[in-house]
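For reference, structure.cif is printed below; it contains mmCIF, C-alpha atoms.
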data_model
loop_
_atom_site.group_PDB
_atom_site.id
_atom_site.type_symbol
_atom_site.label_atom_id
_atom_site.label_comp_id
_atom_site.auth_asym_id
_atom_site.auth_seq_id
_atom_site.Cartn_x
_atom_site.Cartn_y
_atom_site.Cartn_z
ATOM 1 C CA MET A 157 -31.770 -223.832 76.605
ATOM 2 C CA GLY A 158 -33.196 -221.983 73.613
ATOM 3 C CA LEU A 159 -30.094 -220.191 72.373
ATOM 4 C CA ILE A 160 -31.036 -219.932 68.692
ATOM 5 C CA ARG A 161 -34.759 -219.530 69.345
ATOM 6 C CA ASN A 162 -34.201 -216.649 71.767
ATOM 7 C CA ALA A 163 -31.832 -214.875 69.371
ATOM 8 C CA VAL A 164 -34.254 -215.222 66.449
ATOM 9 C CA LYS A 165 -37.199 -213.967 68.512
ATOM 10 C CA GLN A 166 -35.254 -211.013 69.878
ATOM 11 C CA GLY A 167 -34.003 -209.989 66.433
ATOM 12 C CA THR A 168 -37.514 -210.209 64.982
ATOM 13 C CA GLU A 169 -39.170 -208.328 67.834
ATOM 14 C CA ALA A 170 -36.533 -205.599 67.777
ATOM 15 C CA VAL A 171 -37.216 -204.883 64.094
ATOM 16 C CA ASP A 172 -40.966 -204.780 64.748
ATOM 17 C CA ALA A 173 -40.385 -202.157 67.452
ATOM 18 C CA ILE A 174 -38.029 -200.150 65.225
ATOM 19 C CA ALA A 175 -40.483 -200.165 62.308
ATOM 20 C CA ALA A 176 -43.211 -198.822 64.598
ATOM 21 C CA ALA A 177 -40.914 -196.119 66.002
ATOM 22 C CA ASN A 178 -39.848 -194.986 62.517
ATOM 23 C CA LYS A 179 -43.370 -194.127 61.383
ATOM 24 C CA GLY A 180 -43.934 -190.425 60.816
ATOM 25 C CA ASP A 181 -40.442 -189.140 61.676
ATOM 26 C CA GLY A 182 -39.947 -187.708 58.158
ATOM 27 C CA ALA A 183 -36.393 -189.030 57.709
ATOM 28 C CA ASP A 184 -36.649 -190.380 54.175
ATOM 29 C CA ASP A 185 -33.124 -189.545 52.993
ATOM 30 C CA MET A 186 -31.407 -192.344 54.902
ATOM 31 C CA LEU A 187 -31.686 -196.028 55.709
ATOM 32 C CA ASP A 188 -34.512 -197.085 57.986
ATOM 33 C CA LEU A 189 -32.191 -199.446 59.813
ATOM 34 C CA MET A 190 -28.552 -200.515 60.081
ATOM 35 C CA ILE A 191 -28.075 -204.021 61.478
ATOM 36 C CA VAL A 192 -24.673 -204.763 63.000
ATOM 37 C CA GLY A 193 -23.951 -208.475 63.280
ATOM 38 C CA ALA A 194 -24.875 -211.572 61.259
ATOM 39 C CA GLY A 195 -25.474 -214.215 63.864
ATOM 40 C CA PRO A 196 -28.926 -215.735 64.543
ATOM 41 C CA ALA A 197 -30.372 -212.421 65.828
ATOM 42 C CA GLY A 198 -28.885 -210.374 62.983
ATOM 43 C CA ILE A 199 -30.056 -212.811 60.326
ATOM 44 C CA ALA A 200 -33.588 -212.895 61.771
ATOM 45 C CA ALA A 201 -33.619 -209.092 62.015
ATOM 46 C CA ARG A 202 -32.603 -208.736 58.375
ATOM 47 C CA LEU A 203 -35.237 -211.206 57.215
ATOM 48 C CA ARG A 204 -37.932 -209.380 59.193
ATOM 49 C CA ALA A 205 -36.758 -206.037 57.760
ATOM 50 C CA MET A 206 -37.045 -207.520 54.259
ATOM 51 C CA GLU A 207 -40.539 -208.775 55.104
ATOM 52 C CA LEU A 208 -41.609 -205.291 56.272
ATOM 53 C CA GLY A 209 -40.086 -203.541 53.247
ATOM 54 C CA LEU A 210 -37.588 -201.467 55.222
ATOM 55 C CA ARG A 211 -34.479 -199.852 53.717
ATOM 56 C CA PHE A 212 -31.540 -201.338 55.541
ATOM 57 C CA GLU A 213 -28.042 -202.801 55.427
ATOM 58 C CA THR A 214 -26.323 -205.496 57.486
ATOM 59 C CA VAL A 215 -22.615 -205.471 58.279
ATOM 60 C CA GLU A 216 -20.597 -208.198 59.985
ATOM 61 C CA GLN A 217 -16.987 -207.781 61.052
ATOM 62 C CA ASN A 218 -16.163 -211.435 60.446
ATOM 63 C CA SER A 219 -18.159 -214.083 58.584
ATOM 64 C CA LEU A 220 -21.712 -215.388 58.367
ATOM 65 C CA GLY A 221 -22.879 -216.872 61.639
ATOM 66 C CA GLY A 222 -21.435 -214.315 64.043
ATOM 67 C CA THR A 223 -20.478 -215.831 67.387
ATOM 68 C CA VAL A 224 -21.654 -219.290 66.256
ATOM 69 C CA ALA A 225 -18.977 -219.337 63.541
ATOM 70 C CA HIS A 226 -16.336 -219.150 66.284
ATOM 71 C CA PHE A 227 -17.687 -222.001 68.394
ATOM 72 C CA PRO A 228 -15.366 -225.025 68.717
ATOM 73 C CA ARG A 229 -15.614 -227.539 65.883
ATOM 74 C CA ASN A 230 -18.590 -229.905 66.124
ATOM 75 C CA LYS A 231 -20.038 -228.079 69.160
ATOM 76 C CA LEU A 232 -23.555 -229.206 70.083
ATOM 77 C CA ILE A 233 -26.023 -226.308 70.347
ATOM 78 C CA MET A 234 -29.251 -226.701 72.302
ATOM 79 C CA THR A 235 -32.316 -224.740 71.242
ATOM 80 C CA ALA A 236 -36.046 -225.074 70.537
ATOM 81 C CA PRO A 237 -38.262 -224.806 67.418
ATOM 82 C CA VAL A 238 -38.753 -221.263 66.141
ATOM 83 C CA LYS A 239 -40.118 -219.578 63.013
ATOM 84 C CA LEU A 240 -37.591 -217.673 60.897
ATOM 85 C CA PRO A 241 -39.152 -214.834 58.837
ATOM 86 C CA LEU A 242 -39.397 -215.517 55.078
ATOM 87 C CA TYR A 243 -37.893 -218.982 55.538
ATOM 88 C CA GLY A 244 -40.090 -221.110 57.746
ATOM 89 C CA GLU A 245 -39.851 -223.035 60.978
ATOM 90 C CA LEU A 246 -36.588 -224.390 62.323
ATOM 91 C CA ARG A 247 -37.749 -227.586 64.016
ATOM 92 C CA PHE A 248 -34.563 -228.925 65.618
ATOM 93 C CA ARG A 249 -33.880 -228.959 69.354
ATOM 94 C CA GLU A 250 -30.182 -229.658 69.105
ATOM 95 C CA ILE A 251 -27.767 -229.160 66.232
ATOM 96 C CA ARG A 252 -24.048 -229.195 65.558
ATOM 97 C CA LYS A 253 -22.250 -225.965 64.727
ATOM 98 C CA GLU A 254 -21.428 -226.990 61.149
ATOM 99 C CA ALA A 255 -25.018 -228.024 60.409
ATOM 100 C CA LEU A 256 -26.340 -224.713 61.738
ATOM 101 C CA LEU A 257 -23.933 -222.746 59.549
ATOM 102 C CA GLY A 258 -25.209 -224.830 56.628
ATOM 103 C CA ILE A 259 -28.758 -223.721 57.443
ATOM 104 C CA TRP A 260 -27.709 -220.060 57.458
ATOM 105 C CA GLN A 261 -26.130 -220.567 54.031
ATOM 106 C CA ASP A 262 -29.368 -222.132 52.787
ATOM 107 C CA VAL A 263 -31.310 -219.151 54.177
ATOM 108 C CA ILE A 264 -29.150 -216.826 52.080
ATOM 109 C CA GLU A 265 -29.724 -218.886 48.929
ATOM 110 C CA GLN A 266 -33.476 -219.212 49.469
ATOM 111 C CA THR A 267 -34.227 -215.608 50.440
ATOM 112 C CA GLY A 268 -31.593 -213.588 48.594
ATOM 113 C CA LEU A 269 -30.254 -212.316 51.903
ATOM 114 C CA ARG A 270 -27.228 -210.042 51.465
ATOM 115 C CA ILE A 271 -24.746 -209.387 54.246
ATOM 116 C CA ARG A 272 -21.646 -207.206 54.067
ATOM 117 C CA CYS A 273 -19.125 -209.527 55.720
ATOM 118 C CA SER A 274 -15.628 -208.451 56.801
ATOM 119 C CA GLU A 275 -16.930 -204.904 57.364
ATOM 120 C CA ARG A 276 -16.274 -203.812 60.929
ATOM 121 C CA VAL A 277 -18.064 -200.831 62.463
ATOM 122 C CA ALA A 278 -15.553 -198.281 63.755
ATOM 123 C CA GLU A 279 -17.879 -195.587 65.112
ATOM 124 C CA ILE A 280 -21.554 -194.745 65.542
ATOM 125 C CA THR A 281 -22.478 -191.113 66.214
ATOM 126 C CA PRO A 282 -25.846 -189.360 66.627
ATOM 127 C CA ALA A 283 -26.584 -187.002 63.728
ATOM 128 C CA GLY A 284 -29.591 -184.932 64.717
ATOM 129 C CA VAL A 285 -32.127 -187.274 63.151
ATOM 130 C CA GLY A 286 -30.708 -190.761 63.029
ATOM 131 C CA PHE A 287 -27.095 -191.890 63.191
ATOM 132 C CA THR A 288 -23.931 -191.898 61.135
ATOM 133 C CA ILE A 289 -22.282 -195.311 61.041
ATOM 134 C CA GLN A 290 -18.624 -195.350 60.040
ATOM 135 C CA THR A 291 -17.218 -198.718 58.961
ATOM 136 C CA VAL A 292 -13.831 -199.742 57.617
ATOM 137 C CA HIS A 293 -15.288 -199.468 54.090
ATOM 138 C CA GLY A 294 -17.381 -196.309 54.257
ATOM 139 C CA ALA A 295 -20.130 -194.369 56.003
ATOM 140 C CA TYR A 296 -23.894 -194.914 56.255
ATOM 141 C CA ARG A 297 -26.787 -192.879 57.622
ATOM 142 C CA ALA A 298 -29.670 -194.658 59.289
ATOM 143 C CA ARG A 299 -32.683 -193.738 61.389
ATOM 144 C CA ARG A 300 -32.058 -196.614 63.777
ATOM 145 C CA VAL A 301 -29.136 -198.952 64.550
ATOM 146 C CA LEU A 302 -29.628 -202.499 65.827
ATOM 147 C CA LEU A 303 -26.577 -204.038 67.534
ATOM 148 C CA ALA A 304 -26.861 -207.818 67.147
ATOM 149 C CA ILE A 305 -23.270 -208.620 68.036
ATOM 150 C CA GLY A 306 -23.803 -211.398 70.572
ATOM 151 C CA ARG A 307 -21.445 -211.751 73.516
ATOM 152 C CA ARG A 308 -18.180 -212.312 71.721
ATOM 153 C CA GLY A 309 -17.601 -208.978 70.019
ATOM 154 C CA THR A 310 -13.967 -208.140 69.364
ATOM 155 C CA PRO A 311 -11.543 -210.090 71.587
ATOM 156 C CA ARG A 312 -9.506 -207.976 73.968
ATOM 157 C CA LYS A 313 -5.890 -208.390 72.874
ATOM 158 C CA LEU A 314 -2.835 -208.561 75.092
ATOM 159 C CA GLY A 315 -1.078 -205.493 73.693
ATOM 160 C CA VAL A 316 2.380 -207.073 73.828
ATOM 161 C CA PRO A 317 5.114 -207.538 71.208
ATOM 162 C CA GLY A 318 4.715 -210.714 69.178
ATOM 163 C CA GLU A 319 0.941 -211.044 69.456
ATOM 164 C CA GLU A 320 0.659 -210.761 65.669
ATOM 165 C CA ARG A 321 2.378 -214.138 65.220
ATOM 166 C CA SER A 322 0.475 -217.096 63.782
ATOM 167 C CA ASN A 323 0.878 -219.121 66.991
ATOM 168 C CA VAL A 324 -1.017 -216.505 69.030
ATOM 169 C CA VAL A 325 -4.788 -217.073 68.827
ATOM 170 C CA TYR A 326 -7.792 -215.487 70.517
ATOM 171 C CA ARG A 327 -10.225 -218.368 70.174
ATOM 172 C CA LEU A 328 -10.013 -222.152 70.427
ATOM 173 C CA ILE A 329 -11.951 -223.578 67.463
ATOM 174 C CA ASP A 330 -10.321 -226.982 67.029
ATOM 175 C CA PRO A 331 -8.531 -228.355 70.144
ATOM 176 C CA PRO A 332 -7.347 -231.577 68.370
ATOM 177 C CA ASN A 333 -5.194 -229.371 66.147
ATOM 178 C CA MET A 334 -3.106 -228.475 69.218
ATOM 179 C CA PRO A 335 -1.665 -231.877 70.254
ATOM 180 C CA GLY A 336 1.177 -232.198 72.754
ATOM 181 C CA GLY A 337 3.715 -229.531 73.526
ATOM 182 C CA ALA A 338 3.064 -226.577 75.774
ATOM 183 C CA CYS A 339 1.041 -223.417 75.467
ATOM 184 C CA TRP A 340 0.436 -220.275 77.487
ATOM 185 C CA TRP A 341 -3.151 -219.584 78.422
ATOM 186 C CA SER A 342 -4.336 -216.136 79.424
ATOM 187 C CA ALA A 343 -7.836 -214.984 80.338
ATOM 188 C CA ALA A 344 -9.283 -211.745 81.631
ATOM 189 C CA ALA A 345 -12.635 -211.067 83.223
ATOM 190 C CA THR A 346 -14.437 -207.746 83.338
ATOM 191 C CA ALA A 347 -12.715 -206.372 86.403
ATOM 192 C CA ARG A 348 -9.853 -208.788 87.042
ATOM 193 C CA SER A 349 -7.292 -210.856 85.200
ATOM 194 C CA ARG A 350 -5.362 -214.027 85.817
ATOM 195 C CA ARG A 351 -1.697 -214.590 85.139
ATOM 196 C CA PRO A 352 -0.928 -216.921 82.220
ATOM 197 C CA SER A 353 -0.582 -220.593 83.123
ATOM 198 C CA ARG A 354 1.678 -223.105 81.443
ATOM 199 C CA TRP A 355 -0.435 -225.912 79.970
ATOM 200 C CA ARG A 356 0.481 -229.192 78.385
ATOM 201 C CA THR A 357 -1.299 -232.420 77.466
ATOM 202 C CA SER A 358 -0.255 -235.836 78.722
ATOM 203 C CA PRO A 359 -1.627 -239.363 78.078
ATOM 204 C CA GLY A 360 -3.697 -240.890 80.832
ATOM 205 C CA PRO A 361 -4.582 -239.747 84.358
ATOM 206 C CA THR A 362 -1.021 -239.289 85.628
ATOM 207 C CA SER A 363 0.666 -236.507 87.514
ATOM 208 C CA PRO A 364 0.648 -233.564 87.502
ATOM 209 C CA ARG A 365 -2.882 -233.199 88.754
ATOM 210 C CA PRO A 366 -5.599 -233.028 86.023
ATOM 211 C CA ILE A 367 -7.655 -229.938 85.478
ATOM 212 C CA ALA A 368 -11.253 -230.800 84.556
ATOM 213 C CA GLY A 369 -14.097 -228.778 83.144
ATOM 214 C CA LYS A 370 -14.058 -226.002 80.597
ATOM 215 C CA HIS A 371 -10.257 -225.756 80.528
ATOM 216 C CA SER A 372 -9.797 -229.310 79.255
ATOM 217 C CA ILE A 373 -8.185 -229.592 75.837
ATOM 218 C CA GLY A 374 -7.774 -233.088 74.507
ATOM 219 C CA ARG A 375 -9.524 -236.234 73.356
ATOM 220 C CA GLU A 376 -10.619 -239.339 75.242
ATOM 221 C CA ASP A 377 -7.064 -240.591 75.710
ATOM 222 C CA LYS A 378 -5.714 -237.220 76.822
ATOM 223 C CA ILE A 379 -6.490 -234.844 79.622
ATOM 224 C CA ALA A 380 -5.477 -231.269 80.134
ATOM 225 C CA THR A 381 -2.959 -230.887 82.919
ATOM 226 C CA ARG A 382 -1.172 -228.002 84.544
ATOM 227 C CA SER A 383 2.369 -228.137 85.785
ATOM 228 C CA ARG A 384 4.144 -225.611 87.979
ATOM 229 C CA PRO A 385 4.418 -222.382 85.943
ATOM 230 C CA ARG A 386 7.864 -221.425 84.771
ATOM 231 C CA TRP A 387 7.640 -217.695 84.211
ATOM 232 C CA PRO A 388 9.848 -216.062 81.596
ATOM 233 C CA THR A 389 12.789 -214.176 83.058
ATOM 234 C CA THR A 390 13.368 -210.559 82.162
ATOM 235 C CA GLY A 391 16.475 -208.415 82.136
#

Let me see the file written as structure tokens.
Amino acid sequence: MGLIRNAVKQGTEAVDAIAAANKGDGADDMLDLMIVGAGPAGIAARLRAMELGLRFETVEQNSLGGTVAHFPRNKLIMTAPVKLPLYGELRFREIRKEALLGIWQDVIEQTGLRIRCSERVAEITPAGVGFTIQTVHGAYRARRVLLAIGRRGTPRKLGVPGEERSNVVYRLIDPPNMPGGACWWSAAATARSRRPSRWRTSPGPTSPRPIAGKHSIGREDKIATRSRPRWPTTG
């Protein structure tokens, strides 16, 4: 897999295509490019835009790293060597999440890269020539918009009372911080959803039957298990 390499190449190539398309359109009273997202593709796109001398801004609704920043702790990422504009070649073939985020921070320090973090885009509308981009902090006008938001985007929330509580989360970053006890797990696909299941962790391979694979949450001495759901009663 070349996850990081592919993202960097796509971000770089997209900016090359945008720069070529912008030539001669006469729209000099706005940004050449608005980049939405600051993951590997967004960072590469911004560096390439700097290299080409474009007028641009980059906004990120969360923090530096985009989707990568929300990977589980210590996740191993497989990739391949790739050249990052204005920075040099990234030679690793596998890297842990935390080390990769450290590289992105070094890129910022070495290149002067500036990203507007915690600035979510609310609306993008065509405006004759170019686009108007409305964020939670203001409005921008740009000739082109590059969406480098990865696959995570904004999690689809449940829309039920109580979801604002601190024990309701929409991503699992550090499974060891959730030892023992029980939790409700809910997931929805594009066109279907599954009812929440009651999950708990138990020591050793004992009953109830273990659930393997991507739903496992636990360390070497624990496995994720599922017991018979006990649904909340209503009325």

> What gap, in Å, lies between CA of Lys179 in chain A and CA of Gly167 in chain A?
Replying inline: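 If I compute the distance from CA of Lys179 in chain A to CA of Gly167 in chain A, I get 19.1 Å.
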
> Can you list, as a PyMOL selection string, the residues that the PyMOL selection byres ((chain A and resi 276) around 6) selects here?
Replying inline: chain A and resi 217+275+277+291-292

Extending 6 Å beyond the listed atoms of range 161-166 of chain A on each side, what axis-aligned box results? I want centre and edge lengths in Å to one decimal, as lines of an AutoDock Vina configuration file.
center_x = -34.5
center_y = -215.3
center_z = 69.1
size_x = 17.4
size_y = 20.5
size_z = 17.3

>> Counting all atoms listed in the file, which residue out of A:Ala283, A:Met206, A:Ala194, A:Ala295 sits closest to Asn218 in chain A?
In response: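 Once distances to Asn218 in chain A are computed over all atoms listed in the file, the minimum belongs to A:Ala194.
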
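Residues near the point (-24.9, -194.8, 64.6), at a distance of 9 Å or less over only C-alpha atoms, make up Met190, Glu279, Ile280, Thr281, Pro282, Ala283, Gly286, Phe287, Thr288, Ile289, Gln290, Tyr296, Arg297, Ala298, Arg299, Arg300 and Val301 of chain A.
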
> Could you work out how far CA of Leu302 in chain A lies from CA of Glu245 in chain A, giving the answer in Å with one decimal?
Replying inline: 23.4 Å

> Expressed in Å to a single decimal, how great is the separation between CA of Leu220 in chain A and CA of Leu314 in chain A?
Replying inline: 26.1 Å

> Got a sec: who's within 12 Å of Gln266 in chain A, counting only C-alpha atoms, leaving out chain neighbours fewer than 6 positions off, as a PyMOL selection string?
Replying inline: chain A and resi 203+241-244+259-260

>> Counting all atoms listed in the file, which residue out of A:Glu250, A:Glu320, A:Glu213, A:Asp262 sits closest to Ile160 in chain A?
In response: A:Glu250

>> Under the rule that all atoms listed in the file are counted, which of A:Gly306, A:Leu269, A:Ala183, A:Val171 is the nearest residue to Gly284 in chain A?
In response: A:Ala183

>> Since I can't run it myself right now, could you work out what the PyMOL selection byres ((chain A and resi 201) around 8) selects here and report it as a PyMOL selection string?
In response: chain A and resi 164+167-168+170-171+191+197-200+202-205

>> Which residues are near range 232-240 of chain A? Cut-off 6 Å, only C-alpha atoms, ignore same chain within fewer than 4 positions. Put them as a PyMOL selection string.
In response: chain A and resi 157-161+244-252

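Distances here use all atoms listed in the file; by that measure, the residue among A:Ile271, A:Ala255, A:Val316, A:Leu210 closest to Leu187 in chain A is A:Leu210.
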
> Of the residues A:Leu208, A:Gly195, A:Gly258, A:Lys253, which is the one nearest to Ala163 in chain A, using only C-alpha atoms?
Replying inline: A:Gly195

>> Using all atoms listed in the file for the distances, tell me which of A:Ile305, A:Ala225, A:Val192, A:Val285 is nearest to Gln261 in chain A.
In response: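 Result for the nearest residue to Gln261 in chain A: A:Ala225.
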